[in-house]
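To start, the structure under review is shown below, and the notes come after it.
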Amino acid sequence: MRKTALALVLVGLLFPALAAGQAAVAIQGPPQEAGTFLKPDLVELVGLDSTIHLDVRYATANNLVGRAVYPEARAFLQRAAAEALVRVSAALKKSGYGLLVFDGYRPWSVTKVFWDATPPGKREFVADPAKGSKHNRGCAVDLSLYALATGREVGMPSAFDEMSLRAYPSYTGGTNAERAARDLLRQAMEGEGFTVEQNEWWHFNYRDWPSYPILNLQFSQIGRSER
């Protein structure tokens, strides 16, 4: 009886640890997906539209982890999403604005870095690496507006990557001008097949995202677009 009881205790102690260990192993690499996907066709945004400005903070220490996670400031999307973004850019020029891109395609390994560095209570603002993200598929873009007349970033109700209620696209605070700019960006993006993330006004997902696989390509593996 004592041996049986001891065995049960050991099983009770070891099984959760083994399960946790298996879960940890499961997210050491991108999740394996079943199904057929389109062949990736990542293109560099500035190669399609030179008026798109970049502020790729993940290539600097000015980001949520406080260190560079990209080797260089570049932004890519799947070709269909990139071409849709160029149409958004053209439409916004009529209102005096250009697009300021913070991020596009994101290697899966960087998604895991963000997840591991984010406190559990704030993880609604980062993607779970066990599931992958739309950024990993090259079908999500983080962006804002800049004024064509000055080249300066337009004020929004929150800062980019701010983990607060101010980041929600439904947030009713801030100034009238900030909310108007946020809503103008959303309207233009939705007109070309993007939808806004429910808790990040700057994050938009392209409609065809389920058609593309989760990728872990580094920027150097993609190759530079011809200009």
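The chains in the structure tokens are called A, B, ... from first to last as shown; in each chain the residues are counted from 1, and the ligands are counted from 1 in the order shown.
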
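Within the 7 Å cut-off around segment 117-131 of chain A, using only C-alpha atoms and omitting residues fewer than 6 positions from it on the same chain, the listed residues are Ile27, Pro31, Val65, Thr111 and Met163 of chain A.
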
Find the residues near Glu190 of chain A: any atom within 10 Å, counting only C-alpha atoms, skip ones fewer than 6 places away on the same chain, and give them as a tab-separated table (two decimals) with C-alpha atoms, in the first residue's frame.
chain	number	residue	atom	x	y	z
A	88	VAL	CA	-4.37	52.83	-49.50
A	184	LEU	CA	-9.44	57.96	-41.33
A	196	VAL	CA	-8.18	46.41	-37.64
A	204	PHE	CA	-4.29	45.70	-39.67
A	205	ASN	CA	-4.73	42.19	-41.08
A	206	TYR	CA	-5.16	41.49	-44.78
A	207	ARG	CA	-8.21	39.45	-45.74

>> Can you pull out the residues contacting Ala91 of chain A? Cut-off 10 Å, using only C-alpha atoms, and skip same-chain residues under 6 positions away; I want them as number ranges by chain.
In response: A: 85, 97-98, 188-189, 191

>> Give me the residues near segment 59-61 of chain A as a list of chain:residue names, where near means some atom within 12 Å (using only C-alpha atoms) and where sequence neighbours in that chain fewer than 2 positions away do not count.
In response: A:Leu54, A:Asp55, A:Val56, A:Arg57, A:Asn63, A:Leu64, A:Val65, A:Gly66, A:Arg67, A:Ala68, A:Val69, A:Tyr70, A:Pro71, A:Glu72, A:Ala73, A:Arg74, A:Ala75, A:Phe102, A:Asp103, A:Arg106, A:Val110, A:Phe219

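Nearest residue to Trp108 of chain A, choosing from A:Gly138, A:Gly174, A:Pro157, A:Pro210 and counting only C-alpha atoms: A:Gly138.
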
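Closest to Ala181 of chain A among A:Ala90, A:Met156, A:Leu77, A:Leu99 is A:Met156, based on only C-alpha atoms.
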